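For reference, query_24.tsv is printed below; it contains TSV, C-alpha atoms.
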```tsv
chain	number	residue	atom	x	y	z
A	1	MET	CA	33.28	13.66	15.53
A	2	ARG	CA	33.04	15.48	12.23
A	3	ALA	CA	29.54	15.44	10.71
A	4	LEU	CA	29.19	12.72	8.08
A	5	PRO	CA	27.42	13.28	4.75
A	6	PRO	CA	23.68	12.63	5.10
A	7	MET	CA	23.61	9.72	2.65
A	8	LEU	CA	26.46	8.02	4.53
A	9	LEU	CA	24.36	8.26	7.69
A	10	VAL	CA	21.46	6.78	5.73
A	11	LEU	CA	23.70	3.89	4.70
A	12	LEU	CA	24.75	3.31	8.33
A	13	LEU	CA	21.11	3.24	9.43
A	14	TRP	CA	20.38	0.74	6.65
A	15	CYS	CA	23.22	-1.38	8.04
A	16	ALA	CA	21.42	-1.28	11.39
A	17	GLY	CA	18.35	-2.57	9.55
A	18	LEU	CA	20.43	-5.46	8.21
A	19	GLY	CA	21.36	-6.33	11.80
A	20	ALA	CA	17.71	-6.17	12.84
A	21	ALA	CA	16.66	-8.48	9.99
A	22	ALA	CA	19.39	-10.91	11.01
A	23	GLN	CA	17.67	-11.21	14.39
A	24	PHE	CA	15.03	-13.19	12.47
A	25	GLY	CA	17.27	-14.67	9.80
A	26	LYS	CA	19.98	-16.17	12.03
A	27	ILE	CA	17.42	-18.39	13.76
A	28	SER	CA	15.67	-19.30	10.51
A	29	ILE	CA	18.84	-20.63	8.87
A	30	LEU	CA	19.87	-22.45	12.06
A	31	TYR	CA	16.41	-23.90	12.62
A	32	GLU	CA	17.30	-27.54	11.99
A	33	THR	CA	20.59	-27.21	13.89
A	34	LEU	CA	18.82	-25.73	16.92
A	35	ARG	CA	16.37	-28.63	16.90
A	36	ALA	CA	19.09	-30.76	18.52
A	37	ASN	CA	19.20	-28.36	21.49
A	38	TYR	CA	15.59	-27.28	21.83
A	39	GLY	CA	13.53	-29.78	19.81
A	40	GLY	CA	12.78	-31.80	22.94
A	41	ASN	CA	10.45	-29.01	24.05
A	42	GLY	CA	8.14	-29.69	21.07
A	43	GLU	CA	7.65	-28.19	17.62
A	44	VAL	CA	5.54	-25.29	18.88
A	45	ALA	CA	8.18	-24.35	21.45
A	46	LEU	CA	10.89	-24.54	18.79
A	47	GLY	CA	8.87	-22.40	16.40
A	48	LEU	CA	8.37	-19.86	19.17
A	49	VAL	CA	12.13	-19.23	19.23
A	50	VAL	CA	11.72	-17.83	15.70
A	51	SER	CA	8.35	-16.13	15.92
A	52	ILE	CA	8.44	-14.46	19.33
A	53	VAL	CA	10.56	-11.59	17.95
A	54	GLY	CA	7.72	-10.73	15.55
A	55	MET	CA	5.12	-11.16	18.28
A	56	VAL	CA	6.78	-8.39	20.29
A	57	GLY	CA	6.37	-6.08	17.30
A	58	LEU	CA	2.78	-7.19	16.79
A	59	VAL	CA	1.83	-6.29	20.36
A	60	PHE	CA	4.03	-3.24	20.98
A	61	GLY	CA	4.69	-1.76	17.52
A	62	THR	CA	2.71	1.44	17.94
A	63	THR	CA	3.84	1.81	21.56
A	64	ALA	CA	7.43	1.69	20.31
A	65	GLY	CA	6.73	4.56	17.95
A	66	LEU	CA	5.45	6.62	20.87
A	67	LEU	CA	8.47	5.71	23.04
A	68	VAL	CA	10.97	6.58	20.30
A	69	ALA	CA	9.34	9.97	19.86
A	70	ARG	CA	9.61	10.43	23.63
A	71	ILE	CA	13.20	9.34	24.37
A	72	GLY	CA	14.89	10.36	21.12
A	73	PRO	CA	15.86	8.29	18.08
A	74	ARG	CA	19.66	8.24	18.61
A	75	ARG	CA	19.38	7.01	22.19
A	76	ALA	CA	16.78	4.44	21.14
A	77	ILE	CA	18.72	2.90	18.25
A	78	VAL	CA	22.07	2.81	20.08
A	79	ALA	CA	20.44	1.13	23.09
A	80	ALA	CA	18.67	-1.32	20.77
A	81	LEU	CA	21.92	-2.26	19.02
A	82	VAL	CA	23.73	-2.76	22.35
A	83	ALA	CA	20.89	-4.95	23.62
A	84	GLY	CA	20.94	-6.93	20.38
A	85	ALA	CA	24.69	-7.47	20.65
A	86	ALA	CA	24.36	-8.69	24.23
A	87	MET	CA	21.56	-11.13	23.37
A	88	SER	CA	23.46	-12.63	20.43
A	89	ALA	CA	26.51	-13.11	22.67
A	90	LEU	CA	24.31	-14.91	25.20
A	91	GLN	CA	22.75	-17.07	22.47
A	92	SER	CA	26.20	-18.17	21.29
A	93	LEU	CA	26.35	-20.22	24.51
A	94	LEU	CA	23.17	-22.09	23.42
A	95	PRO	CA	21.62	-21.57	26.88
A	96	SER	CA	18.65	-23.44	28.35
A	97	TYR	CA	15.34	-23.06	26.54
A	98	PRO	CA	13.78	-20.56	29.01
A	99	LEU	CA	16.87	-18.36	28.84
A	100	MET	CA	17.01	-18.59	25.05
A	101	LEU	CA	13.34	-17.59	24.85
A	102	ALA	CA	13.89	-14.69	27.25
A	103	SER	CA	16.79	-13.48	25.12
A	104	ARG	CA	14.54	-13.57	22.06
A	105	VAL	CA	11.94	-11.41	23.83
A	106	VAL	CA	14.65	-8.81	24.53
A	107	GLU	CA	15.70	-9.13	20.87
A	108	GLY	CA	12.11	-8.47	19.86
A	109	ALA	CA	12.23	-5.13	21.68
A	110	SER	CA	15.65	-4.39	20.13
A	111	HIS	CA	14.39	-5.27	16.65
A	112	LEU	CA	11.29	-3.14	17.08
A	113	ALA	CA	13.24	-0.06	18.15
A	114	ILE	CA	15.56	-0.34	15.14
A	115	VAL	CA	12.75	-0.72	12.59
A	116	VAL	CA	10.93	2.27	14.06
A	117	VAL	CA	13.98	4.55	14.32
A	118	GLY	CA	15.45	3.56	10.93
A	119	PRO	CA	12.82	5.00	8.58
A	120	THR	CA	12.15	7.93	10.91
A	121	MET	CA	15.78	9.12	10.95
A	122	ILE	CA	16.36	8.31	7.28
A	123	ALA	CA	13.39	10.47	6.29
A	124	ALA	CA	14.82	13.35	8.37
A	125	LEU	CA	18.44	12.99	7.22
A	126	ALA	CA	18.10	12.32	3.48
A	127	PRO	CA	18.03	15.36	1.19
A	128	GLU	CA	14.58	15.81	-0.30
A	129	HIS	CA	15.66	14.79	-3.82
A	130	ARG	CA	17.28	11.62	-2.44
A	131	ARG	CA	14.52	10.68	-0.01
A	132	PRO	CA	12.70	8.24	-2.35
A	133	LEU	CA	15.98	6.37	-2.90
A	134	ALA	CA	16.77	6.41	0.83
A	135	MET	CA	13.36	5.08	1.88
A	136	THR	CA	13.41	2.42	-0.83
A	137	LEU	CA	16.90	1.35	0.25
A	138	TRP	CA	15.62	0.99	3.80
A	139	SER	CA	12.74	-1.19	2.61
A	140	SER	CA	15.20	-3.71	1.14
A	141	PHE	CA	16.90	-4.62	4.42
A	142	PHE	CA	15.01	-7.86	5.02
A	143	GLY	CA	15.52	-9.27	1.54
A	144	VAL	CA	19.21	-8.35	1.41
A	145	THR	CA	19.87	-9.88	4.84
A	146	TYR	CA	18.18	-13.17	4.01
A	147	ALA	CA	20.11	-13.42	0.74
A	148	VAL	CA	23.44	-12.83	2.55
A	149	LEU	CA	22.61	-15.27	5.34
A	150	ALA	CA	21.61	-17.92	2.82
A	151	LEU	CA	25.10	-17.62	1.31
A	152	ILE	CA	27.15	-17.62	4.52
A	153	GLY	CA	24.91	-19.70	6.78
A	154	PRO	CA	26.03	-23.15	5.58
A	155	HIS	CA	29.69	-22.25	6.15
A	156	VAL	CA	29.61	-21.09	9.79
A	157	THR	CA	28.82	-22.78	13.10
A	158	PRO	CA	25.89	-21.58	15.24
A	159	THR	CA	28.37	-20.14	17.76
A	160	GLY	CA	30.24	-18.34	15.00
A	161	LEU	CA	27.05	-16.91	13.52
A	162	PHE	CA	25.76	-15.65	16.87
A	163	LEU	CA	29.13	-14.12	17.82
A	164	GLY	CA	29.51	-12.56	14.37
A	165	HIS	CA	26.09	-10.96	14.70
A	166	SER	CA	26.91	-9.77	18.21
A	167	GLY	CA	30.13	-8.12	17.05
A	168	TYR	CA	28.40	-6.51	14.08
A	169	MET	CA	25.71	-4.97	16.30
A	170	ALA	CA	28.25	-3.77	18.89
A	171	VAL	CA	30.50	-2.08	16.32
A	172	LEU	CA	27.51	-0.43	14.66
A	173	ALA	CA	26.24	0.82	18.04
A	174	ALA	CA	29.58	2.53	18.66
A	175	ILE	CA	29.68	4.07	15.18
A	176	LEU	CA	26.10	5.38	15.32
A	177	ALA	CA	26.58	6.74	18.86
A	178	LEU	CA	29.35	8.94	17.45
A	179	ALA	CA	27.94	9.66	14.00
A	180	LEU	CA	24.24	10.40	14.48
A	181	PRO	CA	23.10	13.93	15.34
A	182	ALA	CA	22.09	14.58	18.93
A	183	ASP	CA	18.47	14.03	19.88
A	184	PRO	CA	16.26	17.14	19.99
A	185	ARG	CA	16.30	18.99	23.31
A	186	HIS	CA	12.60	19.87	23.32
A	187	GLY	CA	10.47	18.42	26.10
A	188	ALA	CA	9.50	14.79	25.94
A	189	LEU	CA	6.14	13.96	24.48
A	190	PRO	CA	3.57	12.88	27.07
A	191	MET	CA	2.62	9.22	26.69
A	192	GLY	CA	-0.87	9.71	28.07
A	193	ASN	CA	-3.33	6.85	27.83
A	194	LEU	CA	-1.75	4.27	25.51
A	195	LEU	CA	-5.09	2.97	24.24
A	196	ALA	CA	-6.15	6.51	23.42
A	197	GLN	CA	-2.82	7.09	21.63
A	198	HIS	CA	-3.33	3.93	19.58
A	199	ALA	CA	-6.84	5.02	18.69
A	200	MET	CA	-5.55	8.45	17.64
A	201	ILE	CA	-2.91	6.90	15.36
A	202	TYR	CA	-5.25	4.49	13.61
A	203	ALA	CA	-7.97	7.13	13.29
A	204	SER	CA	-5.60	9.45	11.44
A	205	PRO	CA	-5.63	9.08	7.63
A	206	ARG	CA	-2.03	10.30	7.53
A	207	LEU	CA	-0.50	8.27	10.36
A	208	ALA	CA	-2.31	5.00	9.62
A	209	ALA	CA	-2.38	4.93	5.81
A	210	PRO	CA	1.18	3.62	5.21
A	211	ALA	CA	0.72	0.85	7.77
A	212	MET	CA	-2.73	-0.23	6.61
A	213	GLY	CA	-1.59	-0.49	3.01
A	214	PHE	CA	1.63	-2.25	4.03
A	215	CYS	CA	-0.25	-4.92	5.99
A	216	CYS	CA	-1.72	-6.32	2.76
A	217	TYR	CA	1.81	-6.57	1.35
A	218	THR	CA	3.28	-8.43	4.33
A	219	PHE	CA	0.30	-10.78	4.45
A	220	LEU	CA	1.02	-11.76	0.85
A	221	TYR	CA	4.75	-11.57	0.33
A	222	VAL	CA	6.20	-13.79	3.04
A	223	ALA	CA	3.47	-16.36	2.43
A	224	LEU	CA	4.22	-16.45	-1.29
A	225	LEU	CA	7.96	-16.90	-0.71
A	226	THR	CA	7.06	-19.82	1.55
A	227	LEU	CA	4.31	-21.50	-0.49
A	228	VAL	CA	5.12	-20.96	-4.17
A	229	PRO	CA	8.60	-22.57	-4.46
A	230	PRO	CA	7.52	-25.98	-3.06
A	231	ALA	CA	4.62	-26.03	-5.54
A	232	THR	CA	6.97	-25.36	-8.47
A	233	PRO	CA	8.40	-28.27	-10.47
A	234	GLU	CA	11.81	-29.28	-9.16
A	235	SER	CA	13.55	-28.13	-12.34
A	236	HIS	CA	12.56	-24.50	-11.57
A	237	ARG	CA	12.27	-24.59	-7.77
A	238	ALA	CA	15.70	-23.17	-6.95
A	239	LEU	CA	15.30	-20.49	-9.62
A	240	ILE	CA	12.00	-19.21	-8.25
A	241	ALA	CA	13.05	-19.50	-4.59
A	242	ALA	CA	16.17	-17.38	-5.12
A	243	GLY	CA	14.79	-15.21	-7.93
A	244	MET	CA	11.60	-13.89	-6.33
A	245	PRO	CA	13.25	-11.90	-3.49
A	246	LEU	CA	16.10	-10.74	-5.72
A	247	VAL	CA	13.73	-9.48	-8.42
A	248	SER	CA	11.70	-7.69	-5.77
A	249	ILE	CA	14.75	-5.88	-4.39
A	250	ALA	CA	16.20	-5.02	-7.81
A	251	VAL	CA	12.96	-3.57	-9.19
A	252	SER	CA	12.28	-1.65	-5.98
A	253	LEU	CA	15.70	0.03	-6.05
A	254	THR	CA	15.61	0.86	-9.77
A	255	LEU	CA	12.17	1.25	-11.35
A	256	GLY	CA	10.55	1.94	-7.98
A	257	VAL	CA	12.93	4.81	-7.16
A	258	TRP	CA	12.56	6.24	-10.68
A	259	LEU	CA	8.76	6.18	-10.39
A	260	LEU	CA	8.83	7.81	-6.94
A	261	GLY	CA	10.48	10.82	-8.59
A	262	ARG	CA	7.48	11.12	-10.91
A	263	MET	CA	4.42	10.23	-8.82
A	264	SER	CA	3.30	10.21	-5.21
A	265	ALA	CA	4.20	7.25	-3.00
A	266	VAL	CA	0.54	6.53	-2.31
A	267	HIS	CA	-0.30	6.38	-6.03
A	268	LEU	CA	2.70	4.11	-6.57
A	269	VAL	CA	1.55	1.69	-3.84
A	270	GLN	CA	-1.80	1.43	-5.62
A	271	ALA	CA	-0.10	0.98	-9.01
A	272	GLY	CA	2.11	-1.77	-7.56
A	273	TYR	CA	-0.87	-3.69	-6.25
A	274	ALA	CA	-2.62	-3.34	-9.62
A	275	ALA	CA	0.51	-4.56	-11.45
A	276	ALA	CA	0.72	-7.63	-9.21
A	277	VAL	CA	-2.70	-8.93	-10.32
A	278	PRO	CA	-1.54	-10.18	-13.78
A	279	GLY	CA	1.32	-11.98	-12.03
A	280	PHE	CA	-1.10	-13.81	-9.77
A	281	LEU	CA	-3.34	-14.71	-12.71
A	282	LEU	CA	-0.33	-16.03	-14.63
A	283	LEU	CA	0.65	-18.08	-11.59
A	284	TRP	CA	-2.87	-19.57	-11.48
A	285	LEU	CA	-3.01	-20.33	-15.20
A	286	GLY	CA	0.41	-22.00	-15.18
A	287	TRP	CA	0.26	-23.75	-11.81
A	288	GLY	CA	2.54	-26.77	-11.98
A	289	GLN	CA	4.34	-25.53	-15.11
A	290	GLY	CA	7.85	-24.37	-14.26
A	291	GLU	CA	8.37	-21.64	-16.86
A	292	VAL	CA	4.93	-20.08	-16.41
A	293	MET	CA	5.09	-20.21	-12.62
A	294	ALA	CA	8.52	-18.57	-12.70
A	295	ALA	CA	7.23	-15.82	-14.99
A	296	GLY	CA	4.20	-15.20	-12.76
A	297	GLY	CA	6.30	-15.32	-9.59
A	298	PHE	CA	8.84	-12.83	-10.95
A	299	LEU	CA	6.12	-10.46	-12.20
A	300	LEU	CA	4.24	-10.37	-8.91
A	301	SER	CA	7.53	-10.08	-6.97
A	302	ALA	CA	8.54	-7.07	-9.07
A	303	ALA	CA	5.18	-5.40	-8.49
A	304	LEU	CA	5.17	-6.12	-4.75
A	305	GLY	CA	8.74	-4.81	-4.51
A	306	ILE	CA	7.41	-1.48	-5.75
A	307	VAL	CA	4.66	-1.62	-3.10
A	308	GLN	CA	7.29	-2.30	-0.42
A	309	GLY	CA	9.49	0.70	-1.23
A	310	ALA	CA	6.60	3.10	-1.86
A	311	SER	CA	4.94	2.13	1.43
A	312	PHE	CA	7.98	3.33	3.39
A	313	ALA	CA	8.28	6.42	1.19
A	314	ALA	CA	4.67	7.25	2.10
A	315	ILE	CA	5.64	7.76	5.77
A	316	PRO	CA	7.48	11.08	5.23
A	317	GLU	CA	5.26	12.01	2.30
A	318	LEU	CA	2.19	12.02	4.53
A	319	ASN	CA	3.77	13.10	7.82
A	320	ALA	CA	5.97	16.19	8.20
A	321	SER	CA	7.20	16.01	11.81
A	322	ALA	CA	9.67	13.52	13.27
A	323	GLU	CA	7.18	12.63	16.01
A	324	ASP	CA	4.44	11.79	13.51
A	325	ARG	CA	6.87	9.81	11.38
A	326	ALA	CA	7.87	7.76	14.45
A	327	ARG	CA	4.22	7.08	15.19
A	328	ALA	CA	3.57	6.08	11.57
A	329	ALA	CA	6.68	3.85	11.53
A	330	GLY	CA	5.50	2.17	14.74
A	331	ALA	CA	2.16	1.43	13.11
A	332	VAL	CA	3.97	0.02	10.05
A	333	ALA	CA	5.94	-2.28	12.35
A	334	GLN	CA	2.81	-3.38	14.16
A	335	LEU	CA	0.60	-4.08	11.13
A	336	GLY	CA	3.57	-5.42	9.16
A	337	ASN	CA	4.07	-8.04	11.86
A	338	LEU	CA	0.35	-8.76	11.84
A	339	GLY	CA	0.51	-9.53	8.12
A	340	THR	CA	3.70	-11.58	8.39
A	341	THR	CA	2.34	-13.62	11.31
A	342	THR	CA	-1.06	-14.40	9.82
A	343	GLY	CA	-0.45	-14.53	6.07
A	344	THR	CA	1.40	-17.84	5.76
A	345	PRO	CA	-0.95	-20.00	7.90
A	346	VAL	CA	-4.09	-18.50	6.32
A	347	LEU	CA	-2.91	-18.85	2.72
A	348	ALA	CA	-1.43	-22.29	3.41
A	349	ALA	CA	-4.81	-23.44	4.71
A	350	LEU	CA	-6.55	-21.98	1.65
A	351	LEU	CA	-4.07	-23.66	-0.67
A	352	ALA	CA	-4.61	-27.01	1.03
A	353	ALA	CA	-8.41	-26.67	1.00
A	354	THR	CA	-9.08	-25.06	-2.39
A	355	GLY	CA	-5.88	-25.42	-4.39
A	356	PRO	CA	-4.25	-22.60	-6.37
A	357	THR	CA	-7.63	-21.04	-7.22
A	358	GLY	CA	-8.30	-20.15	-3.59
A	359	LEU	CA	-4.76	-18.88	-3.08
A	360	VAL	CA	-4.82	-16.64	-6.16
A	361	LEU	CA	-8.36	-15.37	-5.54
A	362	SER	CA	-7.35	-14.38	-2.01
A	363	ALA	CA	-4.19	-12.69	-3.27
A	364	VAL	CA	-6.07	-10.67	-5.87
A	365	THR	CA	-8.61	-9.68	-3.20
A	366	LEU	CA	-5.76	-8.48	-0.94
A	367	CYS	CA	-4.34	-6.39	-3.81
A	368	ALA	CA	-7.75	-4.81	-4.34
A	369	LEU	CA	-8.03	-4.18	-0.61
A	370	GLY	CA	-4.64	-2.44	-0.57
A	371	ILE	CA	-5.78	-0.15	-3.39
A	372	ALA	CA	-9.13	0.53	-1.71
A	373	ILE	CA	-7.57	1.32	1.68
A	374	HIS	CA	-5.36	4.01	0.19
A	375	GLN	CA	-8.23	5.39	-1.86
A	376	ALA	CA	-10.41	5.68	1.24
A	377	GLN	CA	-7.64	7.25	3.31
A	378	ARG	CA	-6.91	9.77	0.55
A	379	ALA	CA	-10.58	10.75	0.50
A	380	ARG	CA	-10.49	11.21	4.29
A	381	ARG	CA	-7.38	13.41	4.03
A	382	HIS	CA	-9.07	15.60	1.43
A	383	HIS	CA	-12.18	15.81	3.59
A	384	PHE	CA	-10.25	16.91	6.67
A	385	SER	CA	-8.21	19.47	4.73
A	386	ALA	CA	-11.22	20.94	2.95
```

Structure encoded using C-alpha cells:
Amino acid sequence: MRALPPMLLVLLLWCAGLGAAAQFGKISILYETLRANYGGNGEVALGLVVSIVGMVGLVFGTTAGLLVARIGPRRAIVAALVAGAAMSALQSLLPSYPLMLASRVVEGASHLAIVVVGPTMIAALAPEHRRPLAMTLWSSFFGVTYAVLALIGPHVTPTGLFLGHSGYMAVLAAILALALPADPRHGALPMGNLLAQHAMIYASPRLAAPAMGFCCYTFLYVALLTLVPPATPESHRALIAAGMPLVSIAVSLTLGVWLLGRMSAVHLVQAGYAAAVPGFLLLWLGWGQGEVMAAGGFLLSAALGIVQGASFAAIPELNASAEDRARAAGAVAQLGNLGTTTGTPVLAALLAATGPTGLVLSAVTLCALGIAIHQAQRARRHHFSA
C-alpha cells in the first residue's frame, strides 16, 4: 500500500482512540438498559461492568508500555482493535454476566494497548512543527467520543450499538494493518523484572513526569463532570453538563495548540493548573447560582483542557526514543486510571461532608500539587544533566 501522509496516519490513530474511548462510553450510555439484564447481580456487580476496563489499565498500565515497546506498536494496536471488535460482537448477544465480565476484561487489555500505542506512534509520525497539534488532538479522544455517543445513543438499540462498535473496530484494524509503517526490526527489549522496570520508570524524572502531572488532572476532571452539573440550578444544568467538556476540547485544540508553539509542554501544564484556580474560586463563590457556576465551570474546563493536551505533548518533549515514549505513555495510562477511579468517590465524599468549600479547597490543592510535581521533576532533570 502506498505510504499515506503522516497527518492522515495521525488522524487514523486518533480514530482508534475514539474506538477505545467507546469501550467505556458504550456501557455508560447503556447503563440503565443493561440493568434489566445484569441488575439482578447487584449494583456493585453492575458497576463493575463499566469500571473493570479502567481497572485493567490501573493494574497493568506500565506493563503495557513495556510490552508495546517489546512486540512493536503496529502489531499491538492491530491486535487490540481485532480483540475489541470480537468482544463487542460477543456483547451484542447480551451474554450471561460472567461472560460479559470476562469480555470486559479482554476489552480492558485492548483499550490499554490502544491508549499506549496511540500517543507513542503519533509522536513518531507527526512532523515536528505539527506535533503539538497531533498530541493535543489525541488528548481529545475521550471527550469527542462521549459527545458523539450522547447524540446517537438514544436512537440505537444495545445490539445495534455493540455491533456498530464491533464493525468500526474491525474496519479500522484492517486499515491500520495496511497503512501503518512496519515495526522496527531491532531485537526485542528484555522485560526483566517487572517490579524493577516499574521502579525505573517512576524513578525517572523524564518518564514519570507526564504521568504524575496527568494524574492530578484525571482525579479532578471526571469528578467535576460528574458532581458539578447536579449541583447546578436546573435552569443551567444542561448547559453546564454539555458545555464543560466541549469548552475543554475547543480550548485545548485552539489556544492550547497555539501556546504549545510558544512554550514548553511542561510549562503549559503548570500554567493550565494555575489558570484553573480562579475557575474553582468562582465556582465556590457562586455555588447554587446558575450563571456564576456556569462561568466558573467553563473557566476551569478551559484551563484543564490545556493541561490535558500539554500533558500528552510532554511525552515526546521529554523522551526522545520510541521505547521511552511507550514507557511514559504506559505510565500515563496507569496513573490516569488511578485518578479517574479515585477522584469521583473521594470528591463526592468531601462534597457530602463539607459542602462546596471542601470540594474547592481539595481541587485547588490538586492544582498546586500538579504544579509542584512538575517543578520538582524539572529540578531533578537539571540535576541529572548537570

**OP:** Using all atoms listed in the file, pick whichever of A:Ala83, A:Leu133, A:Met212, A:Ala241 has the shortest atom-to-atom distance to Gly309 of chain A.
**Re:** A:Leu133

**OP:** Rounded to one decimal place, report the atom CA of Val115 of chain A-atom CA of Val332 of chain A distance in Å.
**Re:**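 So the answer is 9.2 Å.
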
Original post:
From the list A:Asn337, A:Pro127, A:Met293, A:Pro158, which residue is nearest Glu32 of chain A when using all atoms listed in the file?
Top reply: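 Of the candidates, the smallest distance to Glu32 of chain A is held by A:Pro158.
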
**OP:** Please provide as a PyMOL selection string all residues within 8 Å of Phe219 of chain A, with the sequence filter that same-chain residues fewer than 2 positions apart are discarded (counting all atoms listed in the file).
**Re:** chain A and resi 215-217+221-223+336+338-344

Original post:
What gap, in Å, lies between atom CA of Gln289 of chain A and atom CA of Leu351 of chain A?
Top reply: 16.8 Å

Using all atoms listed in the file, tabulate the residues of segment 219-336 of chain A lying at most 6 Å from any atom of segment 61-74 of chain A, each with its closest atom pair and that distance in Å to one decimal, by chain and increasing residue number, as JSON lines.
```
{"residue": "A:Glu323", "atom": "CA", "partner": "A:Ala69", "partner_atom": "CA", "distance": 5.2}
{"residue": "A:Ala326", "atom": "CA", "partner": "A:Gly65", "partner_atom": "CA", "distance": 4.9}
{"residue": "A:Arg327", "atom": "CA", "partner": "A:Gly65", "partner_atom": "CA", "distance": 4.5}
{"residue": "A:Gly330", "atom": "CA", "partner": "A:Gly65", "partner_atom": "CA", "distance": 4.2}
{"residue": "A:Ala331", "atom": "CA", "partner": "A:Thr62", "partner_atom": "CA", "distance": 4.9}
{"residue": "A:Ala333", "atom": "CA", "partner": "A:Gly61", "partner_atom": "CA", "distance": 5.3}
{"residue": "A:Gln334", "atom": "CA", "partner": "A:Gly61", "partner_atom": "CA", "distance": 4.2}
```

Subject >> 12 Å contact set for Ser321 of chain A, all atoms listed in the file, chain neighbours under 6 positions out, as a PyMOL selection string >> reply: chain A and resi 69+120-121+123-124+206-207+315+327-328

Original post:
Could you state the separation of atom CA of Gln375 of chain A and atom CA of Gln270 of chain A in Å, given to one decimal place?
Top reply: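 Atom-to-atom, atom CA of Gln375 of chain A and atom CA of Gln270 of chain A are spaced 8.4 Å apart.
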
Original post:
In terms of the shortest atom-to-atom distance over all atoms listed in the file, which of A:Gly370, A:Pro316, A:Pro245, A:Pro229 is closest to Ser264 of chain A?
Top reply: A:Pro316

**OP:** Go through A:Ala209, A:Ala134, A:Val269, A:Met55 one by one, measure the shortest atom-to-atom distance of each to Gln377 of chain A using all atoms listed in the file, and give the residue with the smallest value.
**Re:**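 Smallest separation from Gln377 of chain A among the options: A:Ala209.
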
Original post:
How would you write as a list in words the residues that get within 10 Å of (-6.4, -11.2, -4.2) in the file's frame, counting only C-alpha atoms?
Top reply: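 Every polymer residue passing the test: Cys216, Leu220, Tyr273, Ala276, Val277, Phe280, Leu281, Gly358, Leu359, Val360, Leu361, Ser362, Ala363, Val364, Thr365, Leu366, Cys367, Ala368, Leu369 and Gly370 of chain A.
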
So that all listed atoms of segment 77-88 of chain A fit with 4 Å spare on each side, what axis-aligned box centre and edge lengths in Å, to one decimal, would you give as lines of an AutoDock Vina configuration file?
```
center_x = 21.7
center_y = -4.9
center_z = 21.2
size_x = 14.0
size_y = 23.5
size_z = 14.0
```

**OP:** Would you mind listing what lies within 7 Å of Gly290 of chain A as an MDAnalysis selection string, with only C-alpha atoms counted and same-chain residues fewer than 6 positions away left out?
**Re:** chainID A and resid 232:233 236

Subject >> Exercise: Ser204 of chain A partners within 12 Å, only C-alpha atoms, chain neighbours under 4 positions left out, as a list in words >> reply: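 What passes the distance filter is Gln197, His198, Ala199, Met200, Ala208, Ala209, Pro210, Ala211, Met212, Leu318, Asn319, Asp324, Arg327, Ala328, Ala331, Ala376, Gln377, Arg378, Arg380, Arg381 and Phe384 of chain A.
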
Original post:
Using only C-alpha atoms, which residues sit within 12 Å of Asn37 of chain A once same-chain residues fewer than 2 positions away are excluded, as a list in words?
Top reply: Leu30, Tyr31, Glu32, Thr33, Leu34, Arg35, Gly39, Gly40, Asn41, Gly42, Ala45, Leu46, Val49, Gln91, Leu93, Leu94, Pro95, Ser96, Tyr97, Met100 and Pro158 of chain A

Original post:
With all atoms listed in the file as the basis for distance, which of A:Cys15, A:Glu291, A:Pro6, A:Leu58 is at the shortest distance from Trp138 of chain A?
Top reply: A:Cys15

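With distances restricted to only C-alpha atoms, A:Ile249 is the closest residue to Thr136 of chain A from A:Ala203, A:Ala89, A:Ile249, A:Ile114.
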
Which protein, DNA or RNA residues are at most 8 Å from (5.1, -1.2, -0.7) in the file's coordinates when you count only C-alpha atoms, listed as a PDB file with C-alpha atoms, in the coordinates of the input?
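Result file point-v5.pdb:
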```pdb
ATOM      1  CA  GLY A 213      -1.590  -0.490   3.010  1.00  0.00           C
ATOM      2  CA  PHE A 214       1.630  -2.250   4.030  1.00  0.00           C
ATOM      3  CA  TYR A 217       1.810  -6.570   1.350  1.00  0.00           C
ATOM      4  CA  VAL A 269       1.550   1.690  -3.840  1.00  0.00           C
ATOM      5  CA  GLY A 272       2.110  -1.770  -7.560  1.00  0.00           C
ATOM      6  CA  LEU A 304       5.170  -6.120  -4.750  1.00  0.00           C
ATOM      7  CA  GLY A 305       8.740  -4.810  -4.510  1.00  0.00           C
ATOM      8  CA  ILE A 306       7.410  -1.480  -5.750  1.00  0.00           C
ATOM      9  CA  VAL A 307       4.660  -1.620  -3.100  1.00  0.00           C
ATOM     10  CA  GLN A 308       7.290  -2.300  -0.420  1.00  0.00           C
ATOM     11  CA  GLY A 309       9.490   0.700  -1.230  1.00  0.00           C
ATOM     12  CA  ALA A 310       6.600   3.100  -1.860  1.00  0.00           C
ATOM     13  CA  SER A 311       4.940   2.130   1.430  1.00  0.00           C
ATOM     14  CA  PHE A 312       7.980   3.330   3.390  1.00  0.00           C
TER      15      PHE A 312
END
```

Would you tabulate, counting only C-alpha atoms, all residues of segment 245-345 of chain A that have an atom at most 8 Å from an atom of segment 237-240 of chain A, showing the closest pair of atoms and their distance in Å to one decimal, sorted by chain then ascending number, as CSV?
```
residue,atom,partner,partner_atom,distance
A:Gly290,CA,A:Arg237,CA,7.9
A:Ala294,CA,A:Ile240,CA,5.7
A:Gly297,CA,A:Ile240,CA,7.0
A:Phe298,CA,A:Ile240,CA,7.6
```

Mind dumping the selected residues with C-alpha atoms as a compact mmCIF listing (two decimals), keeping the file's coordinate frame?
```txt
# COMPACT_ATOMS: atom_id res chain seq x y z
CA GLY A 290 7.85 -24.37 -14.26
CA ALA A 294 8.52 -18.57 -12.70
CA GLY A 297 6.30 -15.32 -9.59
CA PHE A 298 8.84 -12.83 -10.95
```
